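Peer 1: See structure-v8.csv below, with CSV, C-alpha atoms.
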```csv
chain,number,residue,atom,x,y,z
Z,1190,MET,CA,-20.8,74.7,127.2
Z,1191,ARG,CA,-21.3,77.6,124.9
Z,1192,LYS,CA,-18.0,79.1,126.1
Z,1193,ILE,CA,-16.2,75.9,125.4
Z,1194,PHE,CA,-17.7,75.7,121.9
Z,1195,LEU,CA,-16.6,79.3,121.2
Z,1196,LEU,CA,-13.1,78.7,122.4
Z,1197,THR,CA,-12.8,75.6,120.3
Z,1198,LEU,CA,-14.1,77.4,117.2
Z,1199,LEU,CA,-11.6,80.2,117.8
Z,1200,ALA,CA,-8.8,77.7,118.1
Z,1201,CYS,CA,-9.8,76.1,114.8
Z,1202,CYS,CA,-9.9,79.5,113.1
Z,1203,MET,CA,-6.5,80.4,114.4
Z,1204,LEU,CA,-5.1,77.0,113.2
Z,1205,LEU,CA,-6.7,77.4,109.7
Z,1206,GLY,CA,-5.3,80.9,109.6
Z,1207,ALA,CA,-1.8,79.6,110.4
Z,1208,VAL,CA,-2.1,76.9,107.7
Z,1209,ALA,CA,-3.4,79.4,105.1
Z,1210,GLN,CA,-0.4,81.7,105.8
Z,1211,ALA,CA,2.2,78.9,106.1
Z,1212,ALA,CA,3.3,79.2,102.5
Z,1213,GLN,CA,4.7,82.7,101.8
Z,1214,ILE,CA,7.2,83.9,99.3
Z,1215,THR,CA,10.1,85.6,101.1
Z,1216,ASP,CA,12.3,86.4,98.1
Z,1217,VAL,CA,12.6,86.2,94.3
Z,1218,LYS,CA,16.1,86.1,92.9
Z,1219,TRP,CA,17.5,85.8,89.4
Z,1220,GLY,CA,20.9,85.0,87.8
Z,1221,VAL,CA,22.4,84.6,84.4
Z,1222,ASN,CA,25.3,82.3,83.6
Z,1223,LYS,CA,27.8,82.7,80.8
Z,1224,ALA,CA,25.5,80.8,78.4
Z,1225,ASP,CA,22.9,83.5,79.1
Z,1226,VAL,CA,20.5,81.0,80.7
Z,1227,LEU,CA,18.2,83.0,82.9
Z,1228,ARG,CA,17.5,81.4,86.3
Z,1229,ILE,CA,14.7,82.6,88.6
Z,1230,VAL,CA,14.5,81.3,92.1
Z,1231,VAL,CA,11.4,81.8,94.3
Z,1232,ASP,CA,12.1,81.3,98.1
Z,1233,VAL,CA,9.0,80.0,99.9
Z,1234,THR,CA,8.5,79.3,103.6
Z,1235,ASP,CA,6.8,76.0,103.0
Z,1236,THR,CA,5.9,73.5,100.3
Z,1237,ALA,CA,3.9,75.1,97.4
Z,1238,GLY,CA,2.6,74.1,94.1
Z,1239,TYR,CA,3.5,75.9,90.9
Z,1240,ALA,CA,2.7,76.2,87.2
Z,1241,VAL,CA,4.4,77.7,84.1
Z,1242,ASP,CA,2.7,79.1,81.0
Z,1243,MET,CA,3.2,81.5,78.2
Z,1244,GLU,CA,0.8,84.5,77.8
Z,1245,GLY,CA,1.7,86.2,74.5
Z,1246,ASP,CA,5.3,87.3,75.0
Z,1247,THR,CA,5.2,87.0,78.7
Z,1248,LEU,CA,6.4,83.9,80.6
Z,1249,ASN,CA,4.4,83.3,83.8
Z,1250,LEU,CA,5.5,81.4,86.9
Z,1251,THR,CA,2.6,80.9,89.2
Z,1252,VAL,CA,3.4,79.8,92.8
Z,1253,ASN,CA,0.6,78.8,95.2
Z,1254,ALA,CA,1.9,81.0,98.0
Z,1255,ASP,CA,1.3,84.5,99.3
Z,1256,LYS,CA,3.6,87.3,98.4
Z,1257,GLY,CA,5.6,88.5,101.5
Z,1258,ALA,CA,5.4,92.2,102.3
Z,1259,GLN,CA,9.2,92.5,101.9
Z,1260,VAL,CA,9.1,91.2,98.3
Z,1261,PRO,CA,9.2,94.0,95.8
Z,1262,HIS,CA,6.6,94.3,93.0
Z,1263,SER,CA,9.3,94.3,90.3
Z,1264,LYS,CA,13.0,93.7,89.8
Z,1265,ALA,CA,15.4,94.8,87.0
Z,1266,VAL,CA,17.0,92.0,85.1
Z,1267,LYS,CA,20.1,92.1,82.9
Z,1268,SER,CA,19.7,89.4,80.3
Z,1269,SER,CA,19.1,89.0,76.6
Z,1270,LEU,CA,15.8,87.4,77.5
Z,1271,ALA,CA,14.3,90.1,79.7
Z,1272,ASP,CA,14.9,93.5,81.3
Z,1273,SER,CA,12.7,93.0,84.3
Z,1274,LEU,CA,10.3,90.7,86.1
Z,1275,LYS,CA,7.1,91.5,87.9
Z,1276,ILE,CA,5.9,89.9,91.1
Z,1277,VAL,CA,2.1,90.1,91.2
Z,1278,ASP,CA,0.1,89.3,94.3
Z,1279,LYS,CA,-3.1,87.5,93.5
Z,1280,GLY,CA,-4.3,86.9,97.0
Z,1281,SER,CA,-4.0,83.2,97.5
Z,1282,TYR,CA,-1.2,82.8,94.9
Z,1283,THR,CA,1.6,84.9,93.3
Z,1284,VAL,CA,2.6,85.2,89.7
Z,1285,VAL,CA,6.1,86.0,88.6
Z,1286,ARG,CA,5.8,87.6,85.1
Z,1287,VAL,CA,8.8,87.8,82.8
Z,1288,PRO,CA,8.2,90.0,79.7
Z,1289,LEU,CA,10.4,88.5,77.1
Z,1290,LYS,CA,12.5,90.4,74.5
Z,1291,GLN,CA,12.7,87.4,72.2
Z,1292,ARG,CA,10.5,84.5,71.2
Z,1293,LEU,CA,11.4,81.3,72.9
Z,1294,LEU,CA,12.1,78.0,71.2
Z,1295,GLU,CA,10.0,75.0,72.0
Z,1296,LYS,CA,10.8,73.5,75.4
Z,1297,SER,CA,13.3,76.2,76.2
Z,1298,TYR,CA,12.1,76.7,79.7
Z,1299,LYS,CA,12.0,74.3,82.6
Z,1300,ALA,CA,10.8,74.5,86.2
Z,1301,PHE,CA,11.4,72.3,89.2
Z,1302,VAL,CA,11.4,72.5,93.0
Z,1303,LEU,CA,14.0,72.0,95.8
Z,1304,LYS,CA,12.9,70.9,99.2
Z,1305,LYS,CA,13.6,72.8,102.4
Z,1306,ASP,CA,16.9,71.8,103.9
Z,1307,PRO,CA,17.1,72.6,107.6
Z,1308,ALA,CA,20.8,71.5,107.7
Z,1309,THR,CA,21.9,74.3,105.5
Z,1310,GLY,CA,19.1,76.8,106.2
Z,1311,ARG,CA,17.9,76.7,102.6
Z,1312,PRO,CA,14.1,77.2,102.2
Z,1313,PHE,CA,11.7,75.5,99.8
Z,1314,ARG,CA,12.4,76.8,96.4
Z,1315,VAL,CA,10.7,77.0,93.0
Z,1316,VAL,CA,13.2,77.3,90.2
Z,1317,LEU,CA,12.7,78.4,86.6
Z,1318,ASP,CA,15.4,78.1,83.9
Z,1319,VAL,CA,14.9,79.9,80.6
Z,1320,THR,CA,17.3,79.3,77.7
Z,1321,PRO,CA,17.7,81.9,74.9
Z,1322,ARG,CA,18.2,80.9,71.3
Z,1323,GLN,CA,21.9,81.7,71.2
Z,1324,ALA,CA,22.6,79.5,74.3
Z,1325,SER,CA,22.4,76.3,72.1
Z,1326,TYR,CA,25.7,74.9,71.2
Z,1327,SER,CA,26.9,76.3,67.9
Z,1328,GLY,CA,29.6,73.8,67.2
Z,1329,SER,CA,32.3,76.4,67.4
Z,1330,GLY,CA,33.9,74.7,70.4
Z,1331,ALA,CA,34.0,78.0,72.4
Z,1332,ALA,CA,34.3,77.4,76.1
Z,1333,THR,CA,31.3,78.6,78.1
Z,1334,THR,CA,30.8,78.0,81.8
Z,1335,VAL,CA,27.5,76.5,82.6
Z,1336,VAL,CA,27.2,75.1,86.1
Z,1337,SER,CA,24.3,72.8,85.7
Z,1338,ASN,CA,23.7,69.1,85.4
Z,1339,ARG,CA,20.2,69.7,84.1
Z,1340,PRO,CA,19.3,69.8,80.4
Z,1341,VAL,CA,18.7,73.5,80.0
Z,1342,VAL,CA,21.1,73.9,77.1
Z,1343,SER,CA,20.8,72.2,73.6
Z,1344,ASN,CA,18.3,69.5,74.0
Z,1345,ARG,CA,18.4,68.5,70.3
Z,1346,PRO,CA,18.8,64.8,69.6
Z,1347,THR,CA,22.1,64.1,67.8
Z,1348,LYS,CA,22.2,61.8,64.7
Z,1349,ASN,CA,24.6,58.9,64.6
Z,1350,ASN,CA,28.1,59.8,63.3
Z,1351,SER,CA,29.7,56.8,61.6
Z,1352,SER,CA,32.9,58.8,61.1
Z,1353,ILE,CA,33.8,58.8,64.8
Z,1354,LYS,CA,37.2,57.3,65.5
Z,1355,LYS,CA,37.5,54.5,68.0
Z,1356,ASN,CA,41.2,54.2,68.8
Z,1357,THR,CA,42.2,57.9,69.1
Z,1358,VAL,CA,44.2,58.9,72.1
Z,1359,ILE,CA,44.1,62.6,72.6
Z,1360,LYS,CA,45.9,64.9,75.0
Z,1361,THR,CA,43.7,67.8,76.0
Z,1362,SER,CA,43.6,70.5,78.5
Z,1363,THR,CA,41.8,69.8,81.8
Z,1364,ALA,CA,38.6,71.2,83.2
Z,1365,ALA,CA,39.7,74.7,83.7
Z,1366,ASP,CA,42.4,76.8,82.0
Z,1367,LYS,CA,43.1,78.9,85.1
Z,1368,LYS,CA,45.6,78.2,87.9
Z,1369,ALA,CA,44.2,77.1,91.2
Z,1370,ASP,CA,44.3,79.7,93.9
Z,1371,LYS,CA,46.9,78.4,96.3
Z,1372,LYS,CA,45.9,80.9,99.0
Z,1373,LYS,CA,42.4,79.4,99.5
Z,1374,SER,CA,41.5,79.5,103.2
Z,1375,SER,CA,42.0,76.4,105.2
Z,1376,SER,CA,38.2,76.3,105.8
Z,1377,LYS,CA,37.8,75.5,102.2
Z,1378,LYS,CA,40.3,72.6,102.2
Z,1379,LYS,CA,38.7,69.2,102.5
Z,1380,ASN,CA,40.2,65.7,102.8
Z,1381,ASP,CA,40.2,63.3,99.9
Z,1382,ASN,CA,37.2,61.4,101.2
Z,1383,LYS,CA,35.0,64.5,101.1
Z,1384,LYS,CA,36.3,65.5,97.7
Z,1385,ASN,CA,35.5,62.0,96.3
Z,1386,THR,CA,31.7,62.8,96.4
Z,1387,ALA,CA,29.3,63.9,93.7
Z,1388,ALA,CA,26.4,66.3,93.3
Z,1389,ALA,CA,24.0,68.3,89.8
Z,1390,LYS,CA,20.7,70.1,90.2
Z,1391,THR,CA,20.4,70.5,91.6
Z,1392,GLU,CA,21.1,73.0,94.4
Z,1393,THR,CA,24.7,73.1,93.2
Z,1394,ALA,CA,23.4,75.2,90.2
Z,1395,VAL,CA,20.4,77.0,91.6
Z,1396,ASN,CA,20.9,80.1,93.6
Z,1397,LYS,CA,23.6,82.0,91.8
Z,1398,PRO,CA,25.5,81.9,88.5
Z,1399,VAL,CA,29.2,81.2,88.4
Z,1400,ASN,CA,31.3,84.2,87.4
Z,1401,LYS,CA,34.8,84.5,86.2
Z,1402,SER,CA,36.3,85.3,89.6
Z,1403,ASP,CA,34.8,82.0,90.9
Z,1404,THR,CA,36.3,79.9,88.2
Z,1405,ASP,CA,39.7,81.6,88.5
Z,1406,LYS,CA,40.0,80.5,92.1
Z,1407,LEU,CA,39.0,76.8,91.8
Z,1408,ALA,CA,41.2,74.1,93.2
Z,1409,VAL,CA,41.7,72.3,89.9
Z,1410,ILE,CA,43.4,69.0,89.5
Z,1411,LYS,CA,45.0,68.3,86.1
Z,1412,GLY,CA,45.5,64.8,84.9
Z,1413,ASN,CA,47.9,63.6,82.2
Z,1414,GLY,CA,45.3,64.3,79.5
Z,1415,ARG,CA,45.7,60.8,78.0
Z,1416,PHE,CA,43.0,58.1,77.9
Z,1417,ARG,CA,42.4,54.7,76.3
Z,1418,THR,CA,39.4,54.0,74.1
Z,1419,SER,CA,39.8,50.3,73.0
Z,1420,GLY,CA,41.3,47.0,74.0
Z,1421,GLY,CA,38.5,45.8,76.3
Z,1422,LEU,CA,37.6,46.6,79.9
Z,1423,ASP,CA,40.4,44.9,81.7
Z,1424,GLY,CA,42.7,47.4,83.3
Z,1425,LYS,CA,40.7,50.5,82.2
Z,1426,ILE,CA,40.3,53.3,84.7
Z,1427,ILE,CA,36.7,54.5,85.0
Z,1428,THR,CA,35.2,57.3,87.3
Z,1429,LEU,CA,31.5,57.1,88.1
Z,1430,ASP,CA,29.7,60.1,89.4
Z,1431,ALA,CA,26.5,59.5,91.4
Z,1432,GLY,CA,24.5,62.7,90.8
Z,1433,HIS,CA,23.7,65.0,93.7
Z,1434,GLY,CA,24.2,64.1,97.4
Z,1435,GLY,CA,24.4,65.6,100.8
Z,1436,SER,CA,22.6,68.9,101.0
Z,1437,ASP,CA,21.6,68.6,97.4
Z,1438,PRO,CA,18.7,66.0,97.0
Z,1439,GLY,CA,18.4,66.5,93.3
Z,1440,ALA,CA,14.9,66.0,91.8
Z,1441,ILE,CA,12.2,64.8,94.2
Z,1442,GLY,CA,9.3,62.5,93.4
Z,1443,SER,CA,5.7,62.9,94.5
Z,1444,ASP,CA,6.2,60.5,97.3
Z,1445,GLY,CA,9.4,62.1,98.6
Z,1446,THR,CA,11.9,59.8,96.7
Z,1447,LYS,CA,15.2,61.7,96.2
Z,1448,GLU,CA,17.2,61.5,93.1
Z,1449,LYS,CA,20.5,61.4,95.1
Z,1450,ASN,CA,19.6,58.1,96.6
Z,1451,ILE,CA,18.6,56.4,93.4
Z,1452,THR,CA,21.7,57.5,91.6
Z,1453,LEU,CA,24.0,56.3,94.4
Z,1454,SER,CA,22.4,52.9,94.4
Z,1455,ILE,CA,22.7,52.4,90.7
Z,1456,THR,CA,26.2,53.8,90.6
Z,1457,LYS,CA,27.4,51.2,93.2
Z,1458,MET,CA,25.9,48.4,91.1
Z,1459,VAL,CA,27.7,49.7,87.9
Z,1460,LYS,CA,30.9,49.8,89.8
Z,1461,GLU,CA,30.6,46.2,91.0
Z,1462,ILE,CA,29.8,44.9,87.5
Z,1463,LEU,CA,32.7,46.8,85.9
Z,1464,GLU,CA,35.2,45.6,88.5
Z,1465,GLN,CA,34.1,42.0,87.9
Z,1466,LYS,CA,35.2,42.5,84.3
Z,1467,GLY,CA,38.7,43.8,85.3
Z,1468,ALA,CA,38.2,47.6,85.3
Z,1469,LYS,CA,39.5,49.9,88.0
Z,1470,VAL,CA,36.6,52.0,89.2
Z,1471,TYR,CA,36.5,55.1,91.3
Z,1472,MET,CA,33.3,56.9,92.6
Z,1473,THR,CA,33.0,60.6,93.2
Z,1474,ARG,CA,30.9,59.8,96.3
Z,1475,THR,CA,30.2,56.5,98.0
Z,1476,THR,CA,27.8,57.8,100.7
Z,1477,ASP,CA,25.2,60.6,101.0
Z,1478,VAL,CA,27.6,63.6,101.2
Z,1479,ASP,CA,28.4,66.7,99.2
Z,1480,VAL,CA,31.4,66.6,96.9
Z,1481,PHE,CA,33.5,69.6,98.0
Z,1482,GLY,CA,31.8,69.9,101.4
Z,1483,PRO,CA,29.1,72.0,103.0
Z,1484,ASN,CA,28.5,75.6,101.8
Z,1485,ALA,CA,30.6,75.2,98.6
Z,1486,SER,CA,30.0,77.4,95.6
Z,1487,ASP,CA,28.5,76.0,92.5
Z,1488,ALA,CA,31.8,75.8,90.7
Z,1489,GLU,CA,33.6,74.2,93.7
Z,1490,GLU,CA,31.0,71.5,94.0
Z,1491,LEU,CA,31.0,70.6,90.3
Z,1492,GLN,CA,34.8,70.9,89.9
Z,1493,ALA,CA,35.3,68.6,92.9
Z,1494,ARG,CA,33.7,65.8,90.8
Z,1495,VAL,CA,35.8,66.6,87.8
Z,1496,ASN,CA,38.9,66.5,90.0
Z,1497,VAL,CA,38.3,62.8,90.9
Z,1498,GLY,CA,38.4,61.8,87.2
Z,1499,GLU,CA,41.5,63.9,86.6
Z,1500,LYS,CA,43.2,62.7,89.8
Z,1501,TYR,CA,43.2,59.1,88.7
Z,1502,ASN,CA,43.9,59.8,85.0
Z,1503,SER,CA,40.6,58.1,84.1
Z,1504,ASP,CA,39.9,56.7,80.6
Z,1505,MET,CA,36.2,57.6,81.0
Z,1506,PHE,CA,33.9,59.7,83.2
Z,1507,VAL,CA,30.2,58.7,83.6
Z,1508,SER,CA,27.7,60.8,85.6
Z,1509,LEU,CA,24.4,59.2,86.5
Z,1510,HIS,CA,21.2,61.3,87.1
Z,1511,ILE,CA,17.4,61.1,87.2
Z,1512,ASN,CA,15.4,63.5,85.1
Z,1513,SER,CA,12.4,65.6,86.0
Z,1514,SER,CA,9.8,67.7,84.1
Z,1515,VAL,CA,6.8,69.8,84.8
Z,1516,ASN,CA,5.0,67.6,82.3
Z,1517,LYS,CA,4.2,64.5,84.3
Z,1518,ASN,CA,3.7,62.5,81.1
Z,1519,VAL,CA,7.3,62.9,79.8
Z,1520,GLY,CA,9.5,59.9,80.4
Z,1521,GLY,CA,12.4,57.9,79.0
Z,1522,PHE,CA,16.2,57.6,78.9
Z,1523,SER,CA,18.6,60.2,77.5
Z,1524,THR,CA,22.4,60.5,77.4
Z,1525,TYR,CA,24.3,63.8,77.1
Z,1526,TYR,CA,27.7,64.5,75.8
Z,1527,TYR,CA,29.9,67.5,75.0
Z,1528,PRO,CA,32.0,67.1,71.8
Z,1529,LYS,CA,35.5,67.9,73.2
Z,1530,THR,CA,37.1,64.7,71.9
Z,1531,ASP,CA,36.3,62.3,69.0
Z,1532,ASN,CA,35.0,59.8,71.5
Z,1533,ASP,CA,32.4,61.5,73.7
Z,1534,LEU,CA,29.5,61.0,71.2
Z,1535,ARG,CA,30.5,57.4,70.6
Z,1536,LEU,CA,30.4,56.7,74.3
Z,1537,ALA,CA,27.0,58.3,74.6
Z,1538,GLN,CA,25.7,56.3,71.7
Z,1539,ASN,CA,26.9,53.0,73.1
Z,1540,ILE,CA,25.2,53.5,76.5
Z,1541,GLN,CA,22.0,55.0,75.1
Z,1542,ASN,CA,21.6,52.2,72.6
Z,1543,LYS,CA,21.8,49.6,75.3
Z,1544,LEU,CA,19.2,51.4,77.5
Z,1545,ALA,CA,16.8,52.2,74.7
Z,1546,ALA,CA,16.7,48.7,73.3
Z,1547,ASN,CA,16.0,46.9,76.6
Z,1548,PHE,CA,13.3,49.0,78.4
Z,1549,GLY,CA,9.7,49.7,77.5
Z,1550,VAL,CA,10.1,53.4,78.0
Z,1551,ASP,CA,10.7,56.2,75.5
Z,1552,ASP,CA,14.1,56.6,73.9
Z,1553,LEU,CA,14.9,60.4,74.1
Z,1554,GLY,CA,18.1,59.8,72.3
Z,1555,VAL,CA,21.7,61.1,72.5
Z,1556,ARG,CA,21.8,64.9,73.1
Z,1557,GLN,CA,24.5,67.5,73.1
Z,1558,ALA,CA,24.9,69.8,76.1
Z,1559,ASN,CA,27.7,71.8,77.8
Z,1560,PHE,CA,27.1,70.5,81.3
Z,1561,TYR,CA,30.0,71.4,83.6
Z,1562,VAL,CA,31.2,67.8,84.5
Z,1563,ILE,CA,31.2,66.5,81.0
Z,1564,LYS,CA,32.6,69.6,79.4
Z,1565,ARG,CA,35.4,70.5,81.8
Z,1566,ILE,CA,37.0,67.2,82.1
Z,1567,SER,CA,39.7,66.0,79.7
Z,1568,MET,CA,38.6,62.4,79.0
Z,1569,PRO,CA,35.5,61.2,77.2
Z,1570,ALA,CA,32.5,61.8,79.5
Z,1571,VAL,CA,28.7,61.4,79.4
Z,1572,LEU,CA,25.8,62.3,81.7
Z,1573,VAL,CA,23.0,59.7,81.7
Z,1574,GLU,CA,19.4,60.6,82.7
Z,1575,MET,CA,17.8,57.4,83.8
Z,1576,CYS,CA,14.1,58.1,83.3
Z,1577,PHE,CA,11.9,60.8,85.0
Z,1578,ILE,CA,11.2,60.9,88.7
Z,1579,SER,CA,8.2,63.2,87.8
Z,1580,ASN,CA,6.6,60.4,85.8
Z,1581,GLU,CA,4.6,58.3,88.3
Z,1582,LYS,CA,5.1,55.1,86.3
Z,1583,GLU,CA,8.9,55.6,86.0
Z,1584,LEU,CA,9.1,56.7,89.7
Z,1585,THR,CA,7.6,53.3,90.7
Z,1586,LEU,CA,10.0,51.5,88.4
Z,1587,MET,CA,13.2,53.3,89.6
Z,1588,LYS,CA,12.5,52.5,93.3
Z,1589,GLY,CA,12.6,48.7,92.5
Z,1590,GLN,CA,15.7,46.5,92.6
Z,1591,TRP,CA,14.8,45.0,89.2
Z,1592,PHE,CA,15.0,48.4,87.5
Z,1593,GLN,CA,18.1,49.5,89.3
Z,1594,LYS,CA,20.0,46.2,88.6
Z,1595,LYS,CA,18.9,46.1,84.9
Z,1596,THR,CA,19.8,49.8,84.4
Z,1597,ALA,CA,23.3,49.2,86.0
Z,1598,ARG,CA,23.9,46.1,83.9
Z,1599,LEU,CA,22.9,47.9,80.6
Z,1600,ILE,CA,25.1,50.9,81.4
Z,1601,ALA,CA,28.0,48.6,82.1
Z,1602,GLU,CA,27.4,46.7,78.8
Z,1603,GLY,CA,27.4,50.0,76.9
Z,1604,ILE,CA,30.7,50.9,78.5
Z,1605,GLU,CA,32.1,47.5,77.7
Z,1606,LYS,CA,31.0,47.8,74.1
Z,1607,TYR,CA,32.7,51.2,73.8
Z,1608,PHE,CA,36.1,49.6,74.8
Z,1609,ALA,CA,35.6,46.6,72.5
```
Can the structure from this file be put into structure tokens for me?
Peer 2:
Amino acid sequence: MRKIFLLTLLACCMLLGAVAQAAQITDVKWGVNKADVLRIVVDVTDTAGYAVDMEGDTLNLTVNADKGAQVPHSKAVKSSLADSLKIVDKGSYTVVRVPLKQRLLEKSYKAFVLKKDPATGRPFRVVLDVTPRQASYSGSGAATTVVSNRPVVSNRPTKNNSSIKKNTVIKTSTAADKKADKKKSSSKKKNDNKKNTAAAKTETAVNKPVNKSDTDKLAVIKGNGRFRTSGGLDGKIITLDAGHGGSDPGAIGSDGTKEKNITLSITKMVKEILEQKGAKVYMTRTTDVDVFGPNASDAEELQARVNVGEKYNSDMFVSLHINSSVNKNVGGFSTYYYPKTDNDLRLAQNIQNKLAANFGVDDLGVRQANFYVIKRISMPAVLVEMCFISNEKELTLMKGQWFQKKTARLIAEGIEKYFA
């Protein structure tokens, strides 16, 4: 009897030891995009909690996981924000310390997690984005590649601009100024059905920055550069982008709800409403798939969405997403635009005004950001963040048909008012 007891106790100890060691950090990576946004990615073997805080001039990312023996104690960083980062083993948890070279603006850093994806071999990841002062849009119109559909750049609310023109038709350059690489290997070529799919968070912009050689080789589709901005919905061509999809779940709620599923559901509803009013509507994805295809680079995945809008010479491009924050109390709607035409801001205002006036959640306003899909497309475009999946109240709302149908209806009404 005593022997059985000891064997049982030993088994329990071994099980507890395995659980205790289940979450272990295997790598800490960093990258800097052309807007100088510093991204730190912590690879973990299993789900782990995290926290972010400022300690003087040091930004700390604490991850509830052991530091693997192969992970170095420090890494050199080339960024205007920091020269190095330190990985400190605290026993039951690990702290990634980032000594900063400049004082951060309020809300200039953001952390989120990406679940383990067995299909692609990607581990559970804790991601921290840090935005320097100069990364905010200056109004100069200079092109800067930022492969992200998350608000890490220029979160300032924008005031209404009564001088915006309604009926302007503008011919502009398309998403990229470089020629497509016609010698791209056949393994990178996907059929139209796979290209007509959408992504943004989040994995499409997580593990590595996009460099110039990446953007030079993109398969870029160029439309005619012309779009209509008035005369009603009838006959207008609209491309809707359901955020994330396939190997990229987007933000994930506390109960496992995935952003990619909510965005696809609402996008389909918007499409149905607009088509009933006479519009011709295309979607970048209609099922749970990647845009470009598996194992695409960040730029390929994002450009594939832009290509859909350009391919059909759309009058408008609308990307739908769900927001997330480390602050669980933050909530509300926000709409992002990039001022490449005289109509992007007006489109954002029309949609945001409809959403803000008809829901009992916070109005976070219209904001300016140089997100890839709204910046590198020739027609007016917006990215709508439909509440926060990290907010428990809003998570409950967005899972319900009532919320999804109402949100879709209001977005469609905002689009209709834009063309009025």
Peer 1: Give me, please, the distance in Å between CA of His1262 in chain Z and CA of Val1277 in chain Z, quoted to one decimal.
Peer 2: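 A separation of 6.4 Å between them.
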Peer 1: Using only C-alpha atoms - which residues lie no farther than 10 Å from the point (24.9, 53.9, 76.7) in the file's frame? Write them as a list in words.
Peer 2: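 The answer, in the requested form, is Val1507, Phe1522, Ser1523, Thr1524, Tyr1525, Arg1535, Leu1536, Ala1537, Gln1538, Asn1539, Ile1540, Gln1541, Asn1542, Lys1543, Leu1544, Ala1545, Val1555, Val1571, Leu1572, Val1573, Leu1599, Ile1600, Ala1601, Glu1602, Gly1603, Ile1604, Glu1605, Lys1606 and Tyr1607 of chain Z.
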Peer 1: If you measure from CA of Gly1421 in chain Z to CA of Phe1506 in chain Z, what distance in Å do you get, rounded to one decimal?
Peer 2: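 If I compute the distance from CA of Gly1421 in chain Z to CA of Phe1506 in chain Z, I get 16.2 Å.
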Peer 1: Find, counting all atoms listed in the file, the residue in Z:Val1231, Z:Ala1265, Z:Ala1570, Z:Val1495 that gets nearest to Ile1410 in chain Z.
Peer 2: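 The answer is Z:Val1495, which sits nearest to Ile1410 in chain Z.
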Peer 1: What gap, in Å, lies between CA of Ser1567 in chain Z and CA of Met1505 in chain Z?
Peer 2: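 Computing the Euclidean distance for CA of Ser1567 in chain Z and CA of Met1505 in chain Z yields 9.2 Å.
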Peer 1: Using only C-alpha atoms, which residues sit within 8 Å of Gly1520 in chain Z once same-chain residues fewer than 2 positions away are excluded, as a ChimeraX atom specification?
Peer 2: /Z:1518,1522,1550-1551,1576-1577,1580,1583
Peer 1: Measuring between all atoms listed in the file, which one of Z:Ala1212, Z:Ile1566, Z:Ala1488, Z:Val1285 shows the shortest distance to Leu1317 in chain Z?
Peer 2: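 Looking at the shortest contact to Leu1317 in chain Z, the residue is Z:Val1285.
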Peer 1: Which polymer residues, whether protein, DNA or RNA, lie within 12 Å of the coordinate (11.1, 70.4, 94.8) when you count all atoms listed in the file? List them as a PyMOL selection string, using the chain letters and numbers from the file.
Peer 2: chain Z and resi 1230-1233+1235-1239+1300-1306+1312-1317+1390-1392+1395+1437-1448+1513-1515+1578-1579
Peer 1: Nearest to Thr1473 in chain Z: which of Z:Thr1309, Z:Ser1454, Z:Ser1273, Z:Asn1496 is it, counting all atoms listed in the file?
Peer 2: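 So, comparing all the options, the nearest one is Z:Asn1496.
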Peer 1: May I ask which of the residues Z:Phe1608, Z:Trp1219, Z:Tyr1298, Z:Phe1481 is the closest one to Lys1425 in chain Z, counting only C-alpha atoms?
Peer 2: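 Ranked by minimum distance to Lys1425 in chain Z, first place goes to Z:Phe1608.
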Peer 1: Can you tell me, as an MDAnalysis selection string, what residues are no more than 9 Å from Leu1248 in chain Z when counting all atoms listed in the file, ignoring any on the same chain fewer than 3 positions away?
Peer 2: chainID Z and resid 1241:1245 1285:1289
Peer 1: I need the residue nearest Lys1267 in chain Z from this list: Z:Glu1489, Z:Asp1318, Z:Glu1464, Z:Asp1225. Use all atoms listed in the file for the distance.
Peer 2: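 When distances to Lys1267 in chain Z are compared using all atoms listed in the file, the smallest one comes from Z:Asp1225.
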